[in-house]
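protein20.cif follows (mmCIF, C-alpha atoms):
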```cif
data_coords
loop_
_atom_site.label_atom_id
_atom_site.label_comp_id
_atom_site.auth_asym_id
_atom_site.auth_seq_id
_atom_site.Cartn_x
_atom_site.Cartn_y
_atom_site.Cartn_z
CA MET A 1 62.26 -266.50 -125.57
CA ALA A 2 60.01 -268.80 -127.58
CA GLU A 3 58.06 -269.67 -124.44
CA ALA A 4 57.42 -265.96 -123.74
CA VAL A 5 56.13 -265.51 -127.29
CA LEU A 6 53.73 -268.46 -126.95
CA THR A 7 52.38 -267.40 -123.55
CA PRO A 8 49.11 -265.52 -124.09
CA ASP A 9 48.92 -261.95 -122.83
CA PRO A 10 46.26 -261.77 -120.04
CA TYR A 11 45.11 -258.39 -121.36
CA ILE A 12 44.50 -259.86 -124.83
CA LEU A 13 42.64 -262.76 -123.23
CA PHE A 14 40.51 -260.24 -121.34
CA LEU A 15 39.66 -258.44 -124.59
CA LEU A 16 38.77 -261.78 -126.18
CA GLY A 17 36.52 -262.65 -123.25
CA LEU A 18 34.88 -259.23 -123.30
CA GLY A 19 34.19 -259.60 -127.00
CA LEU A 20 32.54 -262.99 -126.40
CA VAL A 21 30.39 -261.51 -123.64
CA VAL A 22 29.27 -258.65 -125.89
CA LEU A 23 28.46 -261.19 -128.60
CA LEU A 24 26.41 -263.20 -126.10
CA VAL A 25 24.53 -260.09 -125.01
CA SER A 26 23.65 -259.32 -128.63
CA TRP A 27 22.95 -262.82 -129.93
CA ALA A 28 21.75 -264.93 -127.03
CA PRO A 29 18.18 -263.55 -126.69
CA VAL A 30 17.45 -264.90 -130.19
CA GLY A 31 19.70 -267.93 -130.16
CA LEU A 32 18.45 -269.20 -126.79
CA SER A 33 14.75 -268.65 -127.41
CA ARG A 34 14.16 -272.35 -128.16
CA LEU A 35 16.50 -273.77 -125.51
CA PRO A 36 16.00 -274.34 -121.77
CA LEU A 37 18.94 -272.03 -121.10
CA THR A 38 19.30 -268.35 -120.27
CA LEU A 39 22.03 -265.83 -120.89
CA PRO A 40 22.94 -265.62 -117.15
CA ILE A 41 23.44 -269.41 -117.04
CA LEU A 42 25.74 -269.25 -120.07
CA CYS A 43 27.75 -266.36 -118.65
CA VAL A 44 28.28 -268.10 -115.30
CA ALA A 45 29.34 -271.25 -117.14
CA LEU A 46 31.69 -269.21 -119.36
CA GLY A 47 33.27 -267.57 -116.32
CA TRP A 48 33.69 -270.90 -114.57
CA GLY A 49 35.27 -272.43 -117.65
CA VAL A 50 37.67 -269.56 -118.36
CA PHE A 51 38.86 -269.14 -114.79
CA SER A 52 39.13 -272.90 -114.24
CA SER A 53 41.47 -273.20 -117.20
CA GLY A 54 44.27 -271.34 -115.45
CA LEU A 55 44.73 -268.93 -118.37
CA LEU A 56 43.94 -265.97 -116.14
CA ALA A 57 45.83 -265.41 -112.90
CA PHE A 58 43.24 -262.89 -111.72
CA ASN A 59 40.92 -264.19 -108.96
CA PRO A 60 37.55 -262.35 -109.00
CA ASP A 61 36.59 -263.52 -105.49
CA PRO A 62 34.34 -260.90 -103.81
CA ARG A 63 35.98 -261.73 -100.48
CA THR A 64 39.22 -260.29 -101.87
CA TRP A 65 37.79 -257.41 -103.91
CA ASP A 66 35.27 -256.24 -101.32
CA THR A 67 35.21 -252.52 -102.21
CA ALA A 68 35.27 -253.16 -105.97
CA THR A 69 32.43 -255.68 -105.55
CA GLU A 70 30.33 -253.14 -103.67
CA ARG A 71 30.86 -250.40 -106.26
CA LEU A 72 30.37 -252.55 -109.36
CA THR A 73 27.17 -254.14 -108.09
CA GLU A 74 25.94 -250.72 -106.94
CA LEU A 75 26.35 -249.36 -110.48
CA VAL A 76 24.57 -252.32 -112.07
CA VAL A 77 21.64 -252.07 -109.65
CA ILE A 78 20.99 -248.35 -110.14
CA ILE A 79 21.05 -248.68 -113.93
CA SER A 80 18.64 -251.60 -113.66
CA LEU A 81 16.32 -249.59 -111.41
CA MET A 82 16.08 -246.79 -113.95
CA GLY A 83 15.14 -249.28 -116.66
CA ALA A 84 12.57 -250.93 -114.39
CA GLY A 85 10.87 -247.64 -113.60
CA LEU A 86 10.72 -246.55 -117.23
CA LYS A 87 9.09 -249.88 -118.22
CA LEU A 88 6.00 -249.47 -116.09
CA ASP A 89 2.94 -248.34 -118.03
CA ARG A 90 0.68 -248.36 -114.95
CA PRO A 91 0.56 -245.07 -112.99
CA PRO A 92 1.27 -245.38 -109.24
CA GLY A 93 -1.71 -245.77 -106.92
CA LEU A 94 -2.80 -247.56 -103.76
CA LYS A 95 -5.21 -249.86 -105.58
CA ALA A 96 -3.38 -250.13 -108.90
CA TRP A 97 -0.18 -251.17 -107.11
CA GLY A 98 -1.94 -253.36 -104.55
CA THR A 99 0.18 -256.42 -105.35
CA THR A 100 3.34 -254.36 -104.88
CA TRP A 101 2.33 -253.09 -101.45
CA ARG A 102 1.50 -256.63 -100.31
CA LEU A 103 4.90 -257.93 -101.38
CA LEU A 104 6.70 -255.04 -99.71
CA ALA A 105 4.71 -254.84 -96.48
CA VAL A 106 4.28 -258.57 -95.83
CA THR A 107 6.65 -260.70 -97.90
CA MET A 108 9.83 -258.72 -97.21
CA PRO A 109 9.55 -258.49 -93.39
CA LEU A 110 8.53 -262.14 -93.15
CA THR A 111 11.48 -263.16 -95.35
CA ILE A 112 13.96 -261.11 -93.32
CA ALA A 113 12.66 -262.51 -90.03
CA ALA A 114 12.57 -266.13 -91.24
CA VAL A 115 16.04 -266.02 -92.82
CA ALA A 116 17.52 -264.30 -89.75
CA TRP A 117 16.03 -267.02 -87.53
CA LEU A 118 17.45 -269.72 -89.81
CA GLY A 119 20.80 -267.96 -89.68
CA MET A 120 20.93 -268.10 -85.90
CA ALA A 121 19.17 -271.41 -85.22
CA GLY A 122 20.33 -273.40 -88.23
CA LEU A 123 23.69 -271.88 -89.13
CA GLY A 124 24.92 -270.71 -85.76
CA PHE A 125 25.42 -267.15 -86.96
CA SER A 126 25.52 -264.20 -84.61
CA LEU A 127 22.50 -261.89 -84.56
CA ALA A 128 24.37 -259.35 -86.68
CA MET A 129 25.42 -261.89 -89.32
CA ALA A 130 21.93 -263.45 -89.39
CA LEU A 131 20.32 -260.02 -89.88
CA LEU A 132 22.70 -259.24 -92.74
CA LEU A 133 21.84 -262.56 -94.38
CA GLY A 134 18.12 -261.86 -93.94
CA ALA A 135 18.38 -258.36 -95.42
CA ALA A 136 20.46 -259.60 -98.36
CA MET A 137 18.07 -262.45 -99.14
CA ALA A 138 14.86 -260.40 -98.93
CA PRO A 139 14.84 -258.32 -102.16
CA THR A 140 13.72 -259.64 -105.52
CA ASP A 141 16.64 -258.68 -107.73
CA PRO A 142 15.93 -255.89 -110.25
CA VAL A 143 18.84 -257.07 -112.40
CA LEU A 144 18.48 -260.83 -112.83
CA ALA A 145 14.66 -260.62 -112.81
CA ALA A 146 14.58 -259.20 -116.34
CA ASP A 147 12.98 -262.36 -117.75
CA VAL A 148 9.98 -262.03 -115.42
CA GLN A 149 9.55 -258.27 -115.65
CA VAL A 150 7.19 -256.27 -117.81
CA GLY A 151 8.11 -255.54 -121.41
CA PRO A 152 9.46 -252.25 -122.78
CA PRO A 153 7.38 -249.07 -122.47
CA ARG A 154 4.05 -249.17 -124.34
CA SER A 155 4.56 -252.83 -125.27
CA GLY A 156 1.40 -253.97 -123.47
CA ASP A 157 3.33 -256.82 -121.83
CA GLU A 158 2.27 -255.94 -118.28
CA ASP A 159 0.19 -258.70 -116.71
CA GLU A 160 -0.20 -258.70 -112.92
CA VAL A 161 2.62 -261.16 -112.26
CA ARG A 162 5.16 -259.27 -114.35
CA PHE A 163 4.00 -255.93 -112.99
CA GLY A 164 4.11 -257.10 -109.38
CA LEU A 165 7.62 -258.52 -109.67
CA THR A 166 8.93 -255.46 -111.55
CA SER A 167 7.52 -252.90 -109.13
CA GLU A 168 8.56 -255.01 -106.13
CA ALA A 169 12.11 -255.25 -107.47
CA GLY A 170 12.14 -251.49 -108.00
CA LEU A 171 11.18 -250.62 -104.44
CA ASN A 172 12.36 -253.43 -102.20
CA ASP A 173 16.07 -252.87 -102.79
CA ALA A 174 15.80 -249.60 -100.90
CA LEU A 175 13.49 -250.96 -98.21
CA ALA A 176 15.90 -253.79 -97.38
CA PHE A 177 18.61 -251.25 -96.62
CA PRO A 178 17.35 -250.32 -93.13
CA PHE A 179 17.89 -253.92 -92.06
CA VAL A 180 21.40 -253.92 -93.51
CA HIS A 181 22.07 -250.89 -91.32
CA LEU A 182 20.49 -252.70 -88.37
CA ALA A 183 22.87 -255.60 -88.93
CA ILE A 184 25.82 -253.19 -89.08
CA LEU A 185 24.63 -251.55 -85.86
CA ALA A 186 24.40 -254.95 -84.16
CA SER A 187 27.89 -255.91 -85.37
CA LEU A 188 29.34 -252.76 -83.81
CA GLY A 189 27.56 -253.28 -80.49
CA GLY A 190 25.15 -250.43 -81.08
CA LEU A 191 22.05 -252.35 -80.01
CA ALA A 192 23.28 -252.45 -76.43
CA SER A 193 24.14 -248.74 -76.34
CA GLY A 194 20.77 -247.32 -77.33
CA GLY A 195 21.44 -247.03 -81.05
CA LEU A 196 17.96 -248.19 -82.04
CA THR A 197 16.51 -244.68 -81.78
CA ASP A 198 19.06 -243.27 -84.21
CA TRP A 199 18.53 -246.26 -86.49
CA LEU A 200 14.77 -245.72 -86.56
CA THR A 201 14.88 -241.97 -87.08
CA LEU A 202 17.85 -241.74 -89.46
CA LYS A 203 18.24 -245.07 -91.23
CA VAL A 204 14.53 -245.77 -91.59
CA VAL A 205 12.45 -242.59 -91.54
CA TRP A 206 14.85 -239.96 -92.86
CA LYS A 207 16.62 -242.05 -95.49
CA ILE A 208 13.35 -243.37 -96.96
CA LEU A 209 11.71 -239.93 -97.01
CA ALA A 210 14.83 -238.30 -98.45
CA GLY A 211 15.14 -240.98 -101.13
CA ALA A 212 11.52 -240.64 -102.20
CA ALA A 213 11.56 -236.82 -102.12
CA VAL A 214 14.85 -236.28 -103.96
CA GLY A 215 13.95 -238.95 -106.50
CA TRP A 216 10.62 -237.23 -107.18
CA LEU A 217 12.29 -233.81 -107.52
CA VAL A 218 14.96 -235.14 -109.89
CA GLY A 219 12.29 -236.96 -111.89
CA ARG A 220 10.21 -233.80 -112.19
CA ALA A 221 13.26 -231.78 -113.23
CA PHE A 222 14.27 -234.26 -115.91
CA GLY A 223 10.69 -234.66 -117.06
CA PHE A 224 10.50 -230.91 -117.54
CA LEU A 225 13.83 -230.80 -119.41
CA ILE A 226 12.94 -233.72 -121.64
CA PHE A 227 9.29 -233.08 -122.51
CA HIS A 228 8.26 -229.52 -121.59
CA SER A 229 9.02 -227.91 -124.92
CA GLU A 230 8.62 -229.45 -128.36
CA ARG A 231 11.29 -227.05 -129.67
CA THR A 232 13.94 -227.28 -126.94
CA GLY A 233 13.10 -230.49 -125.05
CA LEU A 234 15.88 -233.06 -124.73
CA HIS A 235 13.68 -235.64 -126.47
CA ARG A 236 14.54 -233.87 -129.72
CA LEU A 237 18.10 -235.15 -129.38
CA GLY A 238 16.86 -238.71 -129.63
CA ASP A 239 19.67 -239.76 -127.28
CA GLY A 240 18.87 -242.37 -124.64
CA LEU A 241 22.03 -241.29 -122.81
CA VAL A 242 19.71 -238.92 -120.92
CA ALA A 243 18.53 -241.95 -118.92
CA LEU A 244 22.06 -242.55 -117.63
CA ALA A 245 22.33 -238.87 -116.66
CA ALA A 246 19.06 -239.07 -114.72
CA THR A 247 20.24 -242.25 -113.00
CA LEU A 248 23.52 -240.79 -111.81
CA VAL A 249 22.07 -237.41 -110.79
CA ALA A 250 19.22 -238.99 -108.81
CA TYR A 251 21.53 -241.43 -107.04
CA ALA A 252 24.31 -238.94 -106.25
CA ALA A 253 21.96 -236.15 -105.13
CA THR A 254 20.15 -238.51 -102.78
CA GLU A 255 23.34 -239.91 -101.31
CA LEU A 256 24.49 -236.33 -100.66
CA ALA A 257 21.21 -235.81 -98.79
CA HIS A 258 21.89 -239.05 -96.85
CA GLY A 259 18.88 -240.79 -98.36
CA TYR A 260 18.48 -244.13 -100.08
CA GLY A 261 19.78 -243.69 -103.61
CA PHE A 262 18.25 -246.93 -104.90
CA LEU A 263 14.79 -245.72 -103.93
CA ALA A 264 15.47 -242.33 -105.51
CA VAL A 265 16.49 -243.77 -108.88
CA PHE A 266 13.34 -245.87 -109.17
CA VAL A 267 11.09 -243.01 -108.03
CA ALA A 268 12.81 -240.68 -110.51
CA ALA A 269 12.26 -243.18 -113.33
CA VAL A 270 8.56 -243.61 -112.50
CA THR A 271 8.18 -239.82 -112.26
CA ILE A 272 9.87 -239.26 -115.63
CA ARG A 273 7.60 -241.90 -117.15
CA GLY A 274 4.62 -239.93 -115.83
CA TRP A 275 5.48 -237.04 -118.17
CA GLU A 276 4.02 -237.64 -121.62
CA ARG A 277 3.45 -241.29 -120.70
CA ASP A 278 2.95 -242.42 -124.31
CA HIS A 279 5.89 -240.50 -125.78
CA GLU A 280 8.25 -242.63 -127.87
CA PHE A 281 11.32 -241.17 -126.17
CA HIS A 282 10.62 -243.36 -123.13
CA GLN A 283 11.41 -246.32 -125.36
CA GLN A 284 14.74 -244.83 -126.40
CA MET A 285 15.77 -244.15 -122.80
CA HIS A 286 14.73 -247.63 -121.76
CA ASP A 287 16.60 -249.27 -124.62
CA PHE A 288 19.82 -247.45 -123.78
CA SER A 289 19.56 -248.37 -120.08
CA ASP A 290 18.79 -251.95 -121.03
CA GLN A 291 21.87 -252.27 -123.24
CA ILE A 292 24.21 -250.86 -120.60
CA GLU A 293 22.59 -253.03 -117.92
CA ARG A 294 22.87 -256.22 -119.96
CA LEU A 295 26.53 -255.62 -120.76
CA LEU A 296 27.45 -254.92 -117.13
CA ILE A 297 25.44 -257.78 -115.68
CA MET A 298 26.88 -260.30 -118.12
CA LEU A 299 30.41 -259.16 -117.29
CA LEU A 300 29.57 -259.42 -113.59
CA LEU A 301 28.13 -262.92 -114.05
CA VAL A 302 31.30 -264.05 -115.82
CA LEU A 303 33.23 -262.81 -112.79
CA PHE A 304 30.76 -264.63 -110.53
CA GLY A 305 31.45 -267.82 -112.45
CA GLY A 306 35.15 -267.15 -111.94
CA ALA A 307 34.61 -266.73 -108.20
CA LEU A 308 32.82 -270.09 -108.13
CA ALA A 309 35.76 -271.67 -109.97
CA ASN A 310 38.17 -270.17 -107.43
CA GLY A 311 36.46 -271.60 -104.36
CA LEU A 312 33.62 -269.27 -103.37
CA LEU A 313 31.55 -272.26 -102.22
CA ASP A 314 34.39 -274.24 -100.62
CA SER A 315 33.35 -273.49 -97.04
CA LEU A 316 29.80 -274.81 -97.52
CA THR A 317 28.62 -277.69 -95.37
CA TRP A 318 25.69 -279.94 -96.24
CA SER A 319 23.53 -278.16 -93.65
CA ASP A 320 24.53 -274.77 -95.12
CA ALA A 321 23.50 -275.95 -98.59
CA ALA A 322 20.19 -277.29 -97.30
CA ILE A 323 19.34 -274.04 -95.55
CA ALA A 324 20.33 -272.04 -98.64
CA LEU A 325 17.81 -274.01 -100.70
CA VAL A 326 15.18 -273.62 -97.98
CA ILE A 327 15.68 -269.85 -98.15
CA LEU A 328 15.13 -269.85 -101.90
CA LEU A 329 12.47 -272.53 -102.33
CA VAL A 330 10.51 -272.41 -99.06
CA VAL A 331 10.90 -269.08 -97.25
CA ARG A 332 10.25 -266.71 -100.16
CA PRO A 333 7.35 -268.73 -101.66
CA ALA A 334 5.71 -269.13 -98.25
CA ALA A 335 6.10 -265.44 -97.41
CA GLY A 336 4.79 -264.52 -100.85
CA LEU A 337 1.69 -266.69 -100.46
CA VAL A 338 0.97 -265.18 -97.04
CA ALA A 339 1.09 -261.72 -98.65
CA MET A 340 -1.38 -262.83 -101.31
CA ILE A 341 -4.05 -263.97 -98.82
CA GLY A 342 -7.23 -262.13 -99.73
CA ALA A 343 -5.78 -260.63 -102.91
CA PRO A 344 -8.30 -260.60 -105.80
CA ARG A 345 -6.02 -262.60 -108.08
CA PRO A 346 -6.24 -266.17 -109.51
CA TRP A 347 -4.30 -268.72 -107.49
CA ARG A 348 -1.95 -269.36 -110.44
CA GLU A 349 -0.82 -265.75 -110.36
CA LYS A 350 -0.35 -265.87 -106.59
CA LEU A 351 1.84 -268.96 -106.90
CA LEU A 352 4.06 -267.37 -109.53
CA LEU A 353 4.37 -264.09 -107.62
CA ALA A 354 5.47 -266.09 -104.60
CA PHE A 355 7.83 -268.44 -106.44
CA LEU A 356 9.63 -266.05 -108.82
CA GLY A 357 11.48 -264.07 -106.17
CA ILE A 358 14.81 -264.10 -107.97
CA ARG A 359 17.96 -263.45 -105.92
CA GLY A 360 21.05 -261.93 -107.52
CA VAL A 361 23.19 -258.83 -107.78
CA GLY A 362 21.35 -256.86 -105.10
CA SER A 363 22.15 -259.58 -102.55
CA VAL A 364 25.85 -259.38 -103.43
CA TYR A 365 25.75 -255.60 -102.98
CA TYR A 366 24.15 -255.76 -99.54
CA VAL A 367 26.57 -258.37 -98.25
CA ALA A 368 29.56 -256.40 -99.56
CA TYR A 369 28.20 -253.14 -98.14
CA GLY A 370 27.48 -254.66 -94.75
CA LEU A 371 30.89 -256.32 -94.44
CA ASN A 372 32.66 -253.14 -95.55
CA HIS A 373 30.89 -251.00 -92.95
CA GLY A 374 30.48 -253.36 -89.99
CA ASP A 375 32.50 -255.77 -87.90
CA PHE A 376 31.13 -259.24 -88.60
CA GLY A 377 34.25 -261.35 -88.26
CA SER A 378 34.83 -264.22 -90.69
CA SER A 379 32.47 -264.07 -93.65
CA GLU A 380 33.52 -267.21 -95.57
CA ARG A 381 30.30 -269.16 -94.89
CA LEU A 382 28.10 -266.11 -95.42
CA TRP A 383 29.54 -265.55 -98.90
CA ALA A 384 29.28 -269.25 -99.69
CA ILE A 385 25.59 -269.42 -98.71
CA VAL A 386 24.73 -266.24 -100.62
CA GLY A 387 26.68 -267.51 -103.63
CA LEU A 388 24.80 -270.82 -103.61
CA VAL A 389 21.41 -269.09 -103.32
CA ILE A 390 22.25 -266.86 -106.30
CA LEU A 391 23.57 -269.77 -108.36
CA ALA A 392 20.48 -271.87 -107.59
CA SER A 393 18.20 -268.93 -108.42
CA ILE A 394 19.96 -268.34 -111.75
CA VAL A 395 19.49 -272.00 -112.71
CA ILE A 396 16.06 -272.79 -111.22
CA HIS A 397 14.31 -269.54 -112.00
CA GLY A 398 16.16 -269.15 -115.29
CA VAL A 399 14.95 -272.52 -116.59
CA THR A 400 11.39 -272.33 -115.24
CA ALA A 401 10.34 -268.66 -115.45
CA THR A 402 9.71 -268.38 -119.19
CA PRO A 403 7.69 -271.62 -119.60
CA LEU A 404 5.69 -270.92 -116.43
CA LEU A 405 4.76 -267.44 -117.58
CA ALA A 406 3.93 -268.79 -121.05
CA ARG A 407 1.58 -271.38 -119.51
CA LEU A 408 -0.03 -268.63 -117.42
CA ALA A 409 -0.62 -266.53 -120.54
CA LYS A 410 -2.10 -269.55 -122.34
CA TRP A 411 -4.40 -270.24 -119.39
CA ARG A 412 -5.56 -266.61 -119.35
CA SER A 413 -6.38 -266.65 -123.03
CA ALA A 414 -8.40 -269.85 -122.61
CA THR A 415 -10.27 -268.69 -119.49
CA PRO A 416 -13.45 -266.62 -120.08
CA GLY A 417 -13.42 -263.33 -118.15
#
```
Could you express the structure from this file as structure tokens?
Amino acid sequence: MAEAVLTPDPYILFLLGLGLVVLLVSWAPVGLSRLPLTLPILCVALGWGVFSSGLLAFNPDPRTWDTATERLTELVVIISLMGAGLKLDRPPGLKAWGTTWRLLAVTMPLTIAAVAWLGMAGLGFSLAMALLLGAAMAPTDPVLAADVQVGPPRSGDEDEVRFGLTSEAGLNDALAFPFVHLAILASLGGLASGGLTDWLTLKVVWKILAGAAVGWLVGRAFGFLIFHSERTGLHRLGDGLVALAATLVAYAATELAHGYGFLAVFVAAVTIRGWERDHEFHQQMHDFSDQIERLLIMLLLVLFGGALANGLLDSLTWSDAAIALVILLVVRPAAGLVAMIGAPRPWREKLLLAFLGIRGVGSVYYVAYGLNHGDFGSSERLWAIVGLVILASIVIHGVTATPLLARLAKWRSATPG
């Protein structure tokens, strides 16, 4: 009886852990400002420590909770995409978004192709598994890239590097999806049965057009509701919860139309921002999205730390680890530099745009989605490689991003013109 009294209730431990995470979300941005640490690093370490202690019997391994992993990461990504779109002060345009188009049109395809080749030649993966790895490793994460993104609306913190990475993260999550579907098709034997035509027409053309169109329509509708009338507009409520409503409506409506919901959410956010661009209500919507996003991502990172403690990386070999680091530190930077050839930007900016391709929650989502909808066989090594890439990105980019961007800002201020 005494032993039962002394044994901690797992539910109470969960509440304690959740409280600590919320405290970290609130305090860490100030408390860590002078340290070479980031909130994601602390949350992963907290998760590893808690789940290594044996106090919690729950195992948050994504290989076990495949559907829950897909849905939770999906929710975090769409909330992040709304916040990213609302941040952007710069109106869309071919020239104004030139860096974005280069990263999307050149860096992403090169990354997918290079990683898929490494998957087959270096890891011994099947074509389907290698394609899924390539698609998952291509997008710059809109969630974990918060430290390298532009500042809040109207903050003026929108240099070319931050803008390029923010806009790339907003759009490339949707544009990686066709290659996830291609991997699924390959895993089901569809490449040999003429499925490429359906993939091109439905998974590429239709889903991208539907995502962009529905996102624009939802953005216009919400822009009208929020800003059209000074007497009845939703901005009078002063409630940033409207941003969550726009996120869910844009995503759900697009999925019902069989389009890419990620693309729709970002397009809707950019469209809403286009209404009364300097209105203060954009700040309120962004702040609400940012708070929800930070809470969810920190909880997810604690679970990621728990998955690491419970053996997510156990199936890694030395060659797997080497290729994972090559993907992060060679493939993305090289593909990014190729995209920047001829761009009218200083070489320092090009280097940072190429290097700061952070991998994170979006990669987890794509792997979970692919495995849940295809037939890839054993996925132990795939999860281990993706987990190592994300862990390395959290540490390497987390420690270096802020000082590198600070040095770039200092160089700009000291350089005439």
Discussion item. Going by the chain IDs and residue numbers used in this file, which residues fall under the PyMOL selection byres ((chain A and resi 57-72) around 9)? Write them as an NGL selection string.
Written reply: :A and (10 or 51 or 54-56 or 73-77 or 296 or 300 or 303-308 or 310-312 or 364-369 or 371-372 or 379-380 or 383)
Near-Ile272 of chain A list (8 Å; all atoms listed in the file; drop same-chain fewer than 5 positions) as a PDB file with C-alpha atoms, in the coordinates of the input:
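Contents of result.pdb, freshly written:
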```pdb
ATOM      1  CA  LEU A  86      10.720-246.550-117.230  1.00  0.00           C
ATOM      2  CA  GLY A 219      12.290-236.960-111.890  1.00  0.00           C
ATOM      3  CA  ARG A 220      10.210-233.800-112.190  1.00  0.00           C
ATOM      4  CA  PHE A 222      14.270-234.260-115.910  1.00  0.00           C
ATOM      5  CA  GLY A 223      10.690-234.660-117.060  1.00  0.00           C
TER       6      GLY A 223
END
```
Discussion item. Starting from the PyMOL selection byres ((chain A and resi 239-249) around 9), expand the selection into actual residues of this file and give them as a PyMOL selection string.
Written reply: chain A and resi 78-79+81-83+218-219+222+226+234-238+250-254+264-266+268-269+281-289
Hits of the PyMOL selection byres ((chain A and resi 143-155) around 9) in this structure, as a compact mmCIF listing (two decimals) with C-alpha atoms, in the coordinates of the input:
```
# COMPACT_ATOMS: atom_id res chain seq x y z
CA PRO A 40 22.94 -265.62 -117.15
CA VAL A 76 24.57 -252.32 -112.07
CA VAL A 77 21.64 -252.07 -109.65
CA ILE A 79 21.05 -248.68 -113.93
CA SER A 80 18.64 -251.60 -113.66
CA LEU A 81 16.32 -249.59 -111.41
CA GLY A 83 15.14 -249.28 -116.66
CA ALA A 84 12.57 -250.93 -114.39
CA LEU A 86 10.72 -246.55 -117.23
CA LYS A 87 9.09 -249.88 -118.22
CA LEU A 88 6.00 -249.47 -116.09
CA ASP A 89 2.94 -248.34 -118.03
CA THR A 140 13.72 -259.64 -105.52
CA ASP A 141 16.64 -258.68 -107.73
CA PRO A 142 15.93 -255.89 -110.25
CA GLY A 156 1.40 -253.97 -123.47
CA ASP A 157 3.33 -256.82 -121.83
CA GLU A 158 2.27 -255.94 -118.28
CA ASP A 159 0.19 -258.70 -116.71
CA VAL A 161 2.62 -261.16 -112.26
CA ARG A 162 5.16 -259.27 -114.35
CA PHE A 163 4.00 -255.93 -112.99
CA GLY A 164 4.11 -257.10 -109.38
CA LEU A 165 7.62 -258.52 -109.67
CA THR A 166 8.93 -255.46 -111.55
CA SER A 167 7.52 -252.90 -109.13
CA ALA A 169 12.11 -255.25 -107.47
CA ARG A 273 7.60 -241.90 -117.15
CA ARG A 277 3.45 -241.29 -120.70
CA ASP A 278 2.95 -242.42 -124.31
CA HIS A 279 5.89 -240.50 -125.78
CA GLU A 280 8.25 -242.63 -127.87
CA HIS A 282 10.62 -243.36 -123.13
CA GLN A 283 11.41 -246.32 -125.36
CA HIS A 286 14.73 -247.63 -121.76
CA ASP A 287 16.60 -249.27 -124.62
CA GLU A 293 22.59 -253.03 -117.92
CA ARG A 294 22.87 -256.22 -119.96
CA ILE A 297 25.44 -257.78 -115.68
CA LEU A 356 9.63 -266.05 -108.82
CA GLY A 357 11.48 -264.07 -106.17
CA ILE A 358 14.81 -264.10 -107.97
CA ARG A 359 17.96 -263.45 -105.92
CA GLY A 360 21.05 -261.93 -107.52
CA VAL A 361 23.19 -258.83 -107.78
CA GLY A 362 21.35 -256.86 -105.10
CA ILE A 394 19.96 -268.34 -111.75
CA HIS A 397 14.31 -269.54 -112.00
CA GLY A 398 16.16 -269.15 -115.29
CA ALA A 401 10.34 -268.66 -115.45
CA THR A 402 9.71 -268.38 -119.19
CA LEU A 405 4.76 -267.44 -117.58
```
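Considering all atoms listed in the file, the residue among A:Thr400, A:Ser413, A:Ser315, A:Thr107 positioned nearest to Leu388 of chain A is A:Ser315.
Restricting the calculation to all atoms listed in the file, the smallest distance between Ala121 of chain A and any of A:Asp320, A:Ala409, A:Leu23, A:Gly170 is found for A:Asp320.
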Edge lengths and centre in Å to one decimal, as JSON, is what I'm after for the box along x, y and z that holds all listed atoms of segment 111-117 of chain A once 8 Å is added on each side.
```
{"center_x": 14.5, "center_y": -264.1, "center_z": -91.4, "size_x": 22.0, "size_y": 21.9, "size_z": 23.8}
```
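Nearest residue to Gly122 of chain A among A:Ser378, A:Ser319, A:Ser393, A:Gln291 is A:Ser319, counting all atoms listed in the file.
Counting from atom CA of Ile390 of chain A, the distance to atom CA of Leu263 of chain A is 22.5 Å.
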